[in-house]
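So this one's model.cif, mmCIF, C-alpha atoms:
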data_model
#
loop_
_atom_site.label_atom_id
_atom_site.label_comp_id
_atom_site.auth_asym_id
_atom_site.auth_seq_id
_atom_site.Cartn_x
_atom_site.Cartn_y
_atom_site.Cartn_z
CA MET A 1 -294.39 63.93 -75.13
CA LEU A 2 -292.24 66.91 -74.34
CA PHE A 3 -288.70 66.14 -73.24
CA THR A 4 -286.50 68.51 -71.30
CA ARG A 5 -283.75 69.64 -73.64
CA GLY A 6 -281.78 72.10 -71.55
CA LEU A 7 -278.24 72.40 -72.75
CA SER A 8 -275.17 73.36 -70.81
CA ARG A 9 -273.53 76.25 -72.61
CA ILE A 10 -269.94 76.77 -71.62
CA SER A 11 -268.55 80.28 -71.29
CA ARG A 12 -265.41 81.08 -73.24
CA THR A 13 -262.75 83.71 -72.75
CA GLY A 14 -259.32 84.65 -74.04
CA TYR A 15 -256.49 82.15 -73.62
CA ASN A 16 -253.00 82.64 -75.02
CA ARG A 17 -254.15 85.49 -77.28
CA ARG A 18 -256.76 83.87 -79.57
CA GLN A 19 -257.27 80.54 -77.82
CA TRP A 20 -260.49 79.96 -75.88
CA ALA A 21 -260.84 78.53 -72.43
CA PHE A 22 -263.80 77.23 -70.49
CA SER A 23 -263.95 79.38 -67.37
CA SER A 24 -266.54 77.06 -65.86
CA LEU A 25 -264.30 74.03 -66.34
CA ARG A 26 -261.85 75.18 -63.65
CA ASN A 27 -264.66 75.42 -61.11
CA ASN A 28 -265.79 71.90 -61.98
CA GLU A 29 -262.35 70.33 -62.20
CA GLN A 30 -262.44 68.46 -58.90
CA GLN A 31 -266.04 67.41 -59.44
CA LEU A 32 -265.18 66.10 -62.90
CA ILE A 33 -262.17 64.15 -61.67
CA GLN A 34 -264.09 62.73 -58.70
CA HIS A 35 -266.94 61.66 -60.97
CA TYR A 36 -264.62 59.61 -63.14
CA ASN A 37 -262.44 58.26 -60.36
CA HIS A 38 -265.47 56.95 -58.45
CA SER A 39 -267.75 55.93 -61.27
CA LEU A 40 -265.43 54.03 -63.60
CA PRO A 41 -264.95 50.30 -63.01
CA PRO A 42 -261.54 48.61 -62.88
CA LEU A 43 -259.99 47.89 -66.27
CA HIS A 44 -259.51 44.28 -67.24
CA SER A 45 -257.62 44.64 -70.51
CA SER A 46 -255.60 47.17 -72.47
CA GLU A 47 -258.46 47.50 -74.94
CA GLU A 48 -260.88 48.95 -72.39
CA VAL A 49 -259.64 52.39 -73.33
CA TRP A 50 -262.95 54.17 -72.76
CA GLY A 51 -262.52 53.59 -69.06
CA PHE A 52 -259.13 55.22 -68.62
CA ARG A 53 -259.40 57.40 -65.60
CA VAL A 54 -259.00 61.11 -66.06
CA ILE A 55 -255.48 61.85 -64.95
CA HIS A 56 -255.45 64.82 -62.64
CA SER A 57 -252.28 66.17 -64.18
CA LEU A 58 -253.83 66.30 -67.67
CA VAL A 59 -256.74 68.43 -66.53
CA SER A 60 -254.59 70.52 -64.22
CA SER A 61 -251.96 71.24 -66.86
CA ALA A 62 -254.66 72.05 -69.40
CA LEU A 63 -256.22 74.54 -67.02
CA SER A 64 -253.03 75.83 -65.45
CA GLY A 65 -252.90 79.59 -65.57
CA VAL A 66 -256.39 79.94 -67.01
CA GLY A 67 -257.74 81.63 -63.89
CA GLN A 68 -255.04 84.30 -63.97
CA GLN A 69 -255.51 84.86 -67.70
CA VAL A 70 -259.25 85.14 -67.27
CA HIS A 71 -258.65 87.79 -64.60
CA ASP A 72 -256.10 89.62 -66.76
CA GLN A 73 -258.32 89.57 -69.83
CA SER A 74 -261.75 89.84 -68.27
CA SER A 75 -262.34 93.14 -70.02
CA SER A 76 -261.44 91.82 -73.47
CA VAL A 77 -264.13 91.28 -76.07
CA ILE A 78 -265.06 87.64 -76.65
CA GLU A 79 -264.33 86.68 -80.23
CA GLU A 80 -267.04 85.71 -82.63
CA ARG A 81 -267.78 82.02 -82.95
CA LEU A 82 -265.67 80.37 -85.60
CA ASP A 83 -266.92 78.05 -88.32
CA PRO A 84 -264.44 75.14 -88.09
CA PHE A 85 -265.37 73.78 -91.51
CA SER A 86 -264.58 77.09 -93.23
CA LEU A 87 -260.93 76.82 -92.18
CA VAL A 88 -260.46 73.60 -94.16
CA ALA A 89 -263.15 74.11 -96.83
CA ASP A 90 -260.67 74.12 -99.72
CA GLU A 91 -258.96 70.97 -98.52
CA LEU A 92 -262.30 69.25 -97.92
CA SER A 93 -263.26 70.02 -101.52
CA ILE A 94 -260.02 68.49 -102.78
CA LEU A 95 -260.56 65.52 -100.46
CA ALA A 96 -264.08 64.96 -101.84
CA ASN A 97 -262.74 64.89 -105.41
CA ASN A 98 -259.94 62.53 -104.39
CA LEU A 99 -262.40 60.17 -102.74
CA ARG A 100 -264.59 60.07 -105.83
CA SER A 101 -261.59 59.12 -107.94
CA MET A 102 -260.32 56.56 -105.42
CA VAL A 103 -263.55 54.54 -105.33
CA VAL A 104 -263.78 54.00 -109.08
CA ALA A 105 -264.22 50.28 -109.85
CA LYS A 106 -264.02 48.36 -113.12
CA VAL A 107 -267.26 46.47 -112.44
CA PRO A 108 -270.07 48.95 -113.22
CA LYS A 109 -272.48 47.77 -110.53
CA LEU A 110 -269.78 47.84 -107.87
CA ALA A 111 -268.63 51.26 -109.08
CA THR A 112 -272.15 52.65 -108.73
CA ALA A 113 -272.46 51.21 -105.23
CA ALA A 114 -269.02 52.34 -104.05
CA GLU A 115 -269.62 55.89 -105.28
CA TYR A 116 -273.09 56.08 -103.74
CA PHE A 117 -272.21 58.10 -100.63
CA PHE A 118 -269.44 60.09 -102.30
CA LYS A 119 -271.67 61.75 -104.89
CA MET A 120 -272.16 65.51 -104.82
CA GLY A 121 -274.96 66.43 -102.44
CA VAL A 122 -274.94 63.26 -100.32
CA GLU A 123 -271.35 63.22 -99.09
CA GLY A 124 -272.28 64.60 -95.67
CA LYS A 125 -270.35 67.31 -93.79
CA ARG A 126 -267.09 65.33 -93.78
CA PHE A 127 -266.92 65.75 -90.02
CA ARG A 128 -264.04 63.31 -89.47
CA PRO A 129 -261.79 64.65 -92.24
CA ALA A 130 -262.39 68.19 -90.96
CA VAL A 131 -261.32 67.16 -87.46
CA LEU A 132 -258.16 65.51 -88.79
CA LEU A 133 -257.15 68.43 -91.00
CA LEU A 134 -257.70 70.87 -88.14
CA MET A 135 -255.71 68.59 -85.83
CA ALA A 136 -252.84 68.55 -88.35
CA THR A 137 -252.63 72.35 -88.21
CA ALA A 138 -253.21 72.46 -84.44
CA LEU A 139 -250.09 70.33 -84.03
CA ASP A 140 -248.02 73.01 -85.77
CA VAL A 141 -248.22 71.73 -89.33
CA PRO A 142 -248.68 74.58 -91.84
CA MET A 143 -251.83 74.88 -93.95
CA SER A 144 -251.43 73.56 -97.48
CA ILE A 145 -253.99 75.92 -99.02
CA HIS A 146 -252.97 79.59 -99.04
CA PRO A 147 -255.19 82.62 -99.70
CA PRO A 148 -255.92 83.25 -103.42
CA ASP A 149 -253.72 86.36 -103.47
CA ALA A 150 -250.71 84.53 -101.99
CA THR A 151 -247.57 84.53 -104.14
CA VAL A 152 -246.01 81.49 -102.46
CA ASP A 153 -246.20 77.94 -103.77
CA THR A 154 -249.64 76.46 -102.98
CA LEU A 155 -248.70 72.81 -103.43
CA PRO A 156 -249.15 70.75 -100.24
CA THR A 157 -246.04 69.72 -98.37
CA GLU A 158 -245.25 66.02 -98.33
CA LEU A 159 -246.30 65.76 -94.68
CA ARG A 160 -249.58 67.58 -95.26
CA SER A 161 -250.29 65.31 -98.24
CA ARG A 162 -249.80 62.26 -96.04
CA GLN A 163 -252.12 63.71 -93.42
CA GLN A 164 -254.72 64.48 -96.10
CA CYS A 165 -254.41 60.85 -97.18
CA MET A 166 -255.06 59.86 -93.55
CA ALA A 167 -258.26 61.91 -93.63
CA GLU A 168 -259.35 60.16 -96.83
CA ILE A 169 -258.62 56.74 -95.32
CA THR A 170 -260.69 57.54 -92.25
CA GLU A 171 -263.65 58.71 -94.34
CA MET A 172 -263.56 55.55 -96.50
CA ILE A 173 -263.52 53.35 -93.41
CA HIS A 174 -266.40 55.35 -91.92
CA VAL A 175 -268.55 55.10 -95.05
CA ALA A 176 -267.78 51.38 -95.35
CA SER A 177 -268.99 50.91 -91.79
CA LEU A 178 -272.24 52.74 -92.67
CA CYS A 179 -272.84 50.38 -95.59
CA HIS A 180 -272.37 47.36 -93.33
CA ASP A 181 -274.35 48.86 -90.42
CA ASP A 182 -277.35 49.54 -92.64
CA VAL A 183 -277.42 45.91 -93.73
CA LEU A 184 -277.24 44.68 -90.13
CA ASP A 185 -279.90 47.17 -89.02
CA ASP A 186 -282.10 46.62 -92.08
CA ALA A 187 -282.15 50.41 -92.53
CA ASP A 188 -283.93 52.01 -95.46
CA THR A 189 -282.62 55.59 -95.27
CA ARG A 190 -279.24 57.23 -94.79
CA ARG A 191 -278.29 60.92 -95.13
CA GLY A 192 -281.81 61.71 -96.27
CA ILE A 193 -281.83 59.26 -99.19
CA GLY A 194 -282.45 55.55 -99.57
CA SER A 195 -279.74 53.47 -97.92
CA LEU A 196 -277.49 51.51 -100.26
CA ASN A 197 -278.89 48.16 -99.13
CA PHE A 198 -282.43 49.44 -99.73
CA VAL A 199 -281.58 50.70 -103.23
CA MET A 200 -279.25 47.95 -104.46
CA GLY A 201 -279.73 45.07 -102.06
CA ASN A 202 -277.79 43.63 -99.13
CA LYS A 203 -275.23 41.71 -101.15
CA ILE A 204 -274.09 44.71 -103.18
CA ALA A 205 -274.06 46.89 -100.03
CA VAL A 206 -271.78 44.43 -98.22
CA LEU A 207 -269.47 44.13 -101.24
CA ALA A 208 -269.34 47.91 -101.64
CA GLY A 209 -268.32 48.25 -97.99
CA ASP A 210 -265.64 45.61 -98.49
CA PHE A 211 -264.39 47.40 -101.59
CA LEU A 212 -264.09 50.70 -99.72
CA LEU A 213 -262.13 48.96 -96.96
CA SER A 214 -259.77 47.49 -99.55
CA ARG A 215 -259.20 50.94 -101.04
CA ALA A 216 -258.56 52.34 -97.57
CA CYS A 217 -256.02 49.59 -96.89
CA LEU A 218 -254.16 50.34 -100.12
CA ALA A 219 -253.97 54.02 -99.23
CA LEU A 220 -252.86 53.12 -95.70
CA ALA A 221 -250.06 50.94 -97.05
CA SER A 222 -248.84 53.86 -99.18
CA LEU A 223 -248.05 55.81 -95.98
CA LYS A 224 -245.37 53.25 -95.11
CA ASN A 225 -245.75 53.79 -91.38
CA THR A 226 -246.16 50.61 -89.34
CA GLU A 227 -247.40 52.40 -86.22
CA VAL A 228 -250.14 54.16 -88.18
CA VAL A 229 -251.13 50.91 -89.87
CA THR A 230 -251.40 49.27 -86.45
CA LEU A 231 -253.61 52.09 -85.15
CA MET A 232 -256.03 51.85 -88.07
CA ALA A 233 -256.09 48.04 -87.96
CA THR A 234 -257.03 48.37 -84.29
CA ALA A 235 -259.82 50.80 -85.19
CA LEU A 236 -261.17 48.32 -87.77
CA LYS A 237 -261.08 45.54 -85.21
CA HIS A 238 -262.96 47.76 -82.77
CA LEU A 239 -265.66 48.51 -85.34
CA VAL A 240 -266.32 44.78 -85.67
CA ASN A 241 -266.16 44.25 -81.90
CA GLY A 242 -268.59 47.09 -81.28
CA GLU A 243 -271.12 45.89 -83.82
CA THR A 244 -270.94 42.39 -82.35
CA MET A 245 -271.39 43.75 -78.83
CA GLN A 246 -274.50 45.60 -79.98
CA MET A 247 -276.01 42.30 -81.11
CA THR A 248 -275.65 40.69 -77.69
CA THR A 249 -278.74 39.31 -75.99
CA ALA A 250 -277.14 38.79 -72.58
CA THR A 251 -279.35 40.71 -70.14
CA ASP A 252 -276.62 41.84 -67.74
CA GLN A 253 -274.60 43.27 -70.61
CA ARG A 254 -277.52 45.00 -72.36
CA TYR A 255 -278.38 46.88 -69.16
CA SER A 256 -274.82 47.81 -68.19
CA MET A 257 -273.63 51.40 -68.66
CA GLU A 258 -270.03 50.17 -68.65
CA TYR A 259 -270.82 47.76 -71.48
CA TYR A 260 -272.68 50.47 -73.39
CA MET A 261 -269.75 52.91 -73.14
CA GLN A 262 -267.26 50.25 -74.17
CA LYS A 263 -269.41 49.45 -77.20
CA THR A 264 -269.75 53.17 -77.98
CA TYR A 265 -265.99 53.61 -77.89
CA TYR A 266 -265.53 50.67 -80.27
CA LYS A 267 -268.27 51.67 -82.71
CA THR A 268 -267.75 55.44 -82.84
CA ALA A 269 -264.85 56.86 -80.85
CA SER A 270 -262.05 54.42 -81.71
CA LEU A 271 -261.85 55.41 -85.38
CA ILE A 272 -261.62 59.15 -84.76
CA SER A 273 -259.31 58.82 -81.73
CA ASN A 274 -256.83 56.51 -83.46
CA SER A 275 -256.97 58.67 -86.59
CA CYS A 276 -256.16 61.80 -84.56
CA LYS A 277 -253.22 59.97 -83.01
CA ALA A 278 -252.09 58.85 -86.47
CA ILE A 279 -252.05 62.50 -87.59
CA ALA A 280 -249.69 63.29 -84.69
CA ILE A 281 -247.47 60.28 -85.37
CA LEU A 282 -247.13 61.19 -89.05
CA ALA A 283 -245.92 64.62 -87.89
CA GLY A 284 -243.30 63.01 -85.64
CA GLN A 285 -244.89 64.38 -82.49
CA THR A 286 -243.97 63.20 -78.98
CA ALA A 287 -245.91 60.48 -77.18
CA GLU A 288 -247.44 63.14 -74.91
CA VAL A 289 -248.75 65.20 -77.82
CA SER A 290 -249.93 62.08 -79.66
CA ASN A 291 -251.85 60.98 -76.57
CA SER A 292 -253.47 64.42 -76.28
CA ALA A 293 -254.63 64.10 -79.89
CA TYR A 294 -255.97 60.64 -79.09
CA GLU A 295 -257.80 61.90 -75.98
CA TYR A 296 -259.42 64.66 -78.00
CA GLY A 297 -260.71 62.21 -80.61
CA LYS A 298 -261.87 59.68 -78.03
CA ASN A 299 -263.89 62.14 -75.98
CA LEU A 300 -265.25 63.96 -79.02
CA GLY A 301 -266.40 60.62 -80.44
CA LEU A 302 -268.08 59.58 -77.18
CA ALA A 303 -269.84 62.95 -76.90
CA TYR A 304 -270.98 62.67 -80.52
CA GLN A 305 -272.54 59.24 -80.04
CA LEU A 306 -274.20 60.18 -76.75
CA ILE A 307 -275.93 63.09 -78.49
CA ASP A 308 -276.78 60.79 -81.40
CA ASP A 309 -278.56 58.54 -78.93
CA VAL A 310 -280.47 61.51 -77.53
CA LEU A 311 -281.51 62.63 -81.02
CA ASP A 312 -282.86 59.18 -81.77
CA PHE A 313 -285.57 60.05 -79.23
CA THR A 314 -285.91 63.82 -79.66
CA GLY A 315 -285.11 64.38 -83.35
CA THR A 316 -287.26 63.97 -86.43
CA SER A 317 -286.65 61.69 -89.40
CA THR A 318 -286.38 64.73 -91.69
CA LEU A 319 -283.65 66.37 -89.62
CA LEU A 320 -281.71 63.18 -88.94
CA GLY A 321 -281.79 61.84 -92.50
CA LYS A 322 -282.78 58.47 -91.04
CA GLY A 323 -285.68 57.08 -89.05
CA SER A 324 -286.09 58.34 -85.49
CA LEU A 325 -286.66 55.84 -82.65
CA SER A 326 -284.73 53.36 -84.77
CA ASP A 327 -282.61 52.07 -81.87
CA ILE A 328 -285.46 51.20 -79.56
CA HIS A 329 -287.42 49.58 -82.39
CA HIS A 330 -284.39 47.38 -83.01
CA GLY A 331 -284.13 46.54 -79.32
CA ILE A 332 -280.91 48.54 -78.87
CA ILE A 333 -280.62 49.96 -75.35
CA THR A 334 -278.80 53.30 -75.22
CA ALA A 335 -277.80 55.80 -72.52
CA PRO A 336 -281.15 57.65 -72.18
CA ILE A 337 -282.98 54.38 -71.46
CA LEU A 338 -280.22 53.14 -69.15
CA PHE A 339 -280.40 56.36 -67.11
CA ALA A 340 -284.20 56.16 -67.06
CA MET A 341 -283.98 52.60 -65.76
CA GLU A 342 -281.84 53.81 -62.84
CA GLU A 343 -284.76 56.04 -61.78
CA PHE A 344 -287.50 53.55 -62.66
CA PRO A 345 -286.26 49.96 -62.13
CA GLU A 346 -289.67 48.68 -63.26
CA LEU A 347 -288.72 49.79 -66.79
CA ARG A 348 -286.48 46.72 -66.96
CA ALA A 349 -289.52 44.42 -67.08
CA VAL A 350 -290.76 46.33 -70.14
CA LEU A 351 -287.35 46.02 -71.82
CA ASP A 352 -287.27 42.29 -71.05
CA ARG A 353 -290.52 41.84 -72.98
CA GLY A 354 -288.92 43.34 -76.08
CA PHE A 355 -290.34 45.81 -78.56
CA ASP A 356 -292.10 43.61 -81.06
CA ASN A 357 -295.26 44.93 -79.46
CA PRO A 358 -295.57 48.71 -80.18
CA ALA A 359 -297.32 49.13 -76.81
CA ASN A 360 -294.03 48.28 -75.06
CA VAL A 361 -292.28 51.04 -77.02
CA ASP A 362 -294.92 53.52 -75.86
CA ILE A 363 -294.54 52.42 -72.23
CA ALA A 364 -290.74 52.72 -72.40
CA LEU A 365 -291.05 56.21 -73.89
CA GLU A 366 -293.42 57.20 -71.08
CA TYR A 367 -290.88 56.15 -68.48
CA LEU A 368 -288.17 58.01 -70.40
CA GLY A 369 -290.31 61.14 -70.46
CA MET A 370 -290.83 61.01 -66.69
CA SER A 371 -287.13 60.45 -66.04
CA ARG A 372 -283.99 62.56 -66.38
CA GLY A 373 -282.57 60.12 -68.92
CA ILE A 374 -282.28 62.63 -71.73
CA GLN A 375 -280.81 65.30 -69.45
CA LYS A 376 -278.28 62.93 -67.86
CA THR A 377 -277.15 61.74 -71.28
CA ARG A 378 -276.61 65.33 -72.38
CA GLU A 379 -274.67 66.01 -69.17
CA LEU A 380 -272.43 63.01 -69.81
CA ALA A 381 -271.87 64.17 -73.38
CA THR A 382 -270.93 67.63 -72.07
CA LYS A 383 -268.38 66.12 -69.68
CA HIS A 384 -266.71 64.29 -72.56
CA ALA A 385 -266.80 67.46 -74.68
CA ASN A 386 -265.04 69.30 -71.85
CA LEU A 387 -262.41 66.57 -71.64
CA ALA A 388 -261.85 66.86 -75.40
CA SER A 389 -261.29 70.60 -74.98
CA ALA A 390 -258.92 69.98 -72.07
CA ALA A 391 -256.84 67.76 -74.35
CA ILE A 392 -256.44 70.66 -76.81
CA TYR A 393 -255.47 73.06 -74.02
CA SER A 394 -252.81 70.59 -72.89
CA LEU A 395 -250.93 70.92 -76.20
CA PRO A 396 -247.61 72.79 -76.09
CA LYS A 397 -247.87 76.57 -76.39
CA ASN A 398 -247.70 77.90 -79.93
CA ASP A 399 -248.23 81.56 -80.90
CA ASP A 400 -248.72 80.90 -84.62
CA ASN A 401 -252.08 82.33 -85.75
CA ASP A 402 -253.04 79.31 -87.89
CA VAL A 403 -252.22 76.93 -85.06
CA GLN A 404 -254.23 78.90 -82.52
CA GLU A 405 -257.17 79.29 -84.89
CA SER A 406 -257.25 75.55 -85.57
CA ARG A 407 -257.10 74.77 -81.85
CA ARG A 408 -259.93 77.20 -81.26
CA ALA A 409 -261.89 75.49 -84.06
CA LEU A 410 -261.39 72.07 -82.47
CA VAL A 411 -262.77 73.44 -79.19
CA GLU A 412 -265.69 74.97 -81.07
CA LEU A 413 -266.43 71.56 -82.60
CA THR A 414 -266.92 70.09 -79.13
CA GLN A 415 -269.69 72.62 -78.52
CA ARG A 416 -271.26 72.02 -81.91
CA VAL A 417 -271.36 68.32 -81.20
CA ILE A 418 -273.34 68.71 -77.97
CA THR A 419 -275.71 71.37 -79.31
CA ARG A 420 -276.46 69.84 -82.70
CA THR A 421 -279.99 68.88 -83.72
CA LYS A 422 -279.13 66.45 -86.51
#
Step by step, read the file and then write its structure as structure tokens.
Amino acid sequence: MLFTRGLSRISRTGYNRRQWAFSSLRNNEQQLIQHYNHSLPPLHSSEEVWGFRVIHSLVSSALSGVGQQVHDQSSSVIEERLDPFSLVADELSILANNLRSMVVAKVPKLATAAEYFFKMGVEGKRFRPAVLLLMATALDVPMSIHPPDATVDTLPTELRSRQQCMAEITEMIHVASLCHDDVLDDADTRRGIGSLNFVMGNKIAVLAGDFLLSRACLALASLKNTEVVTLMATALKHLVNGETMQMTTATDQRYSMEYYMQKTYYKTASLISNSCKAIAILAGQTAEVSNSAYEYGKNLGLAYQLIDDVLDFTGTSTLLGKGSLSDIHHGIITAPILFAMEEFPELRAVLDRGFDNPANVDIALEYLGMSRGIQKTRELATKHANLASAAIYSLPKNDDNDVQESRRALVELTQRVITRTK
């Protein structure tokens, strides 16, 4: 069945010399704020961070002056799209080597398991470390890797080293969560190869995940920053909460968009948002700047997972590196189905019957194909991507070329997230 896959492409223009701005965002500002103010439910606890309303001042300050600058620079040539990963490629290479050395274990079987997803060729794109290293520079921290022809000292500063360590910690926690998730989901592939639990068994996969978490905790302790430790402990707690929420069988919760978004924040967005905030705290940034970093990570993470849920229906196993339609086969209800159910309430009866019978999967997919579920999920992801960009534009002005280039790269990442196919 052919799904509509139209994507909102956001126009960009000059902003503060090399910084990009979304000209369309200003036109949609009131609509965006109204959407969130009217659609989000009341918060019941401090942990329901996904539901924080969009503060008008954040969006307004982020967009303040953009209209005038667009007018002033309308004749300028739009810069070529930037590859965010190229800006931190050298540091990502060092990080990969560090990770391989950090997960060495004395027990051979555990060592093999712990190193499984850190081997050359299967380490992934290192999306989260790239975000954190770019965020470190975007917050006015100098790059630690200089051009090859530079005559200055190329050793990282102490602060940059601590932020690199933060990136390594985040990646270890992320990979540990993948090991545990694959056991819970009974997955057999990950990143295009056999999942660890499939290759070495559930027990070793669980122990490998635990080992990675222990290594992450040791590295976290070495930073000697209580506030950062608290942030990452919170992210770990959220990972467990989110996975537990996904296992719920309570009907009202399974079919609730609020519940789904809370779970999505816990499972995906909390780690990257709290890590971004940790990068700011390590740099001694103000609460306002730290919160902007957090908002960027939160909304980027939500957008990422929303697109992930779309790709589970529209992608192929080869592209994704894991089985497609895996969520629905496991009875996991995600945004596309929830939006489809709003249009076709009769879909709920099919969901209630479960998906042990393949015929029910086919019926659910038919309803999804007739609905705007895929499109609405992409639109919601785009809104969160725009909010992530607004958080970058709200950062204090800085004319340094490296800072501006990193901020531009973080904005570019929001667009890559919502246009990706794997």
Nearest candidate to A:Ser292 (options A:Ile173, A:Leu387, A:Thr268, A:Glu366; using only C-alpha atoms): A:Leu387
Please expand the PyMOL selection byres ((chain A and resi 193-205) around 8) into the concrete residues it hits in this file, giving the result as a list in words. Leu110, Ala113, Tyr116, Cys179, His180, Asp182, Val183, Asp186, Ala187, Asp188, Thr189, Arg190, Arg191, Gly192, Val206, Leu207, Ala208, Gly209 and Gly321 of chain A
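Between atom CA of A:Leu87 and atom CA of A:Tyr304 there is a distance of 20.9 Å.
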Close residues, stretch 215-218 of chain A itself excluded, 8 Å, all atoms listed in the file, min 3 positions apart in chain, as a short mmCIF file (atom, residue, chain, number, x, y, z; two decimals) with C-alpha atoms, in the frame of the given file:
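Listed below is the output, result_23.cif:
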data_model
loop_
_atom_site.label_atom_id
_atom_site.label_comp_id
_atom_site.auth_asym_id
_atom_site.auth_seq_id
_atom_site.Cartn_x
_atom_site.Cartn_y
_atom_site.Cartn_z
CA MET A 102 -260.32 56.56 -105.42
CA VAL A 103 -263.55 54.54 -105.33
CA GLU A 168 -259.35 60.16 -96.83
CA ILE A 169 -258.62 56.74 -95.32
CA THR A 170 -260.69 57.54 -92.25
CA MET A 172 -263.56 55.55 -96.50
CA ILE A 173 -263.52 53.35 -93.41
CA PHE A 211 -264.39 47.40 -101.59
CA LEU A 212 -264.09 50.70 -99.72
CA ALA A 221 -250.06 50.94 -97.05
CA SER A 222 -248.84 53.86 -99.18
#
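Atom CA of A:Asp181 to atom CA of A:His238 spans 13.8 Å [interatomic distance, one decimal].
Here atom CA of A:Gln262 is placed at a distance of 23.0 Å from atom CA of A:Leu132.
Using the PyMOL selection byres ((chain A and resi 291) around 12) on this structure selects Leu58, Ser273, Asn274, Ser275, Cys276, Lys277, Ala278, Ile279, Ala280, Ile281, Gln285, Thr286, Ala287, Glu288, Val289, Ser290, Ser292, Ala293, Tyr294, Glu295, Tyr296, Gly297, Lys298, Ala388, Ala391, Ile392, Ser394 and Leu395 of chain A.
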Output the residue selection produced by the PyMOL selection byres ((chain A and resi 118) around 12) on the file above, formatted as number ranges by chain. A: 93, 95-104, 111-117, 119-126, 168, 171-172, 174-176, 191, 196, 212
Option closest in space to A:Ser371, from A:Leu184, A:Pro358, A:Ala340, A:Asn401 [counting all atoms listed in the file]: A:Ala340
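Here the question is which of A:Ser177, A:Ser326, A:Ser214, A:Thr157 gets nearest to A:Thr314 using all atoms listed in the file, and that residue is A:Ser326.
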Could you tell me which of A:Ser86, A:Val107, A:Thr414, A:Asp140 comes closest to A:Asp402 if we count all atoms listed in the file? A:Asp140
Sphere at (-258.5, 76.1, -88.5), radius 6 Å, counting all atoms listed in the file: residues as a VMD selection string: chain A and resid 87 134 405 to 406 409
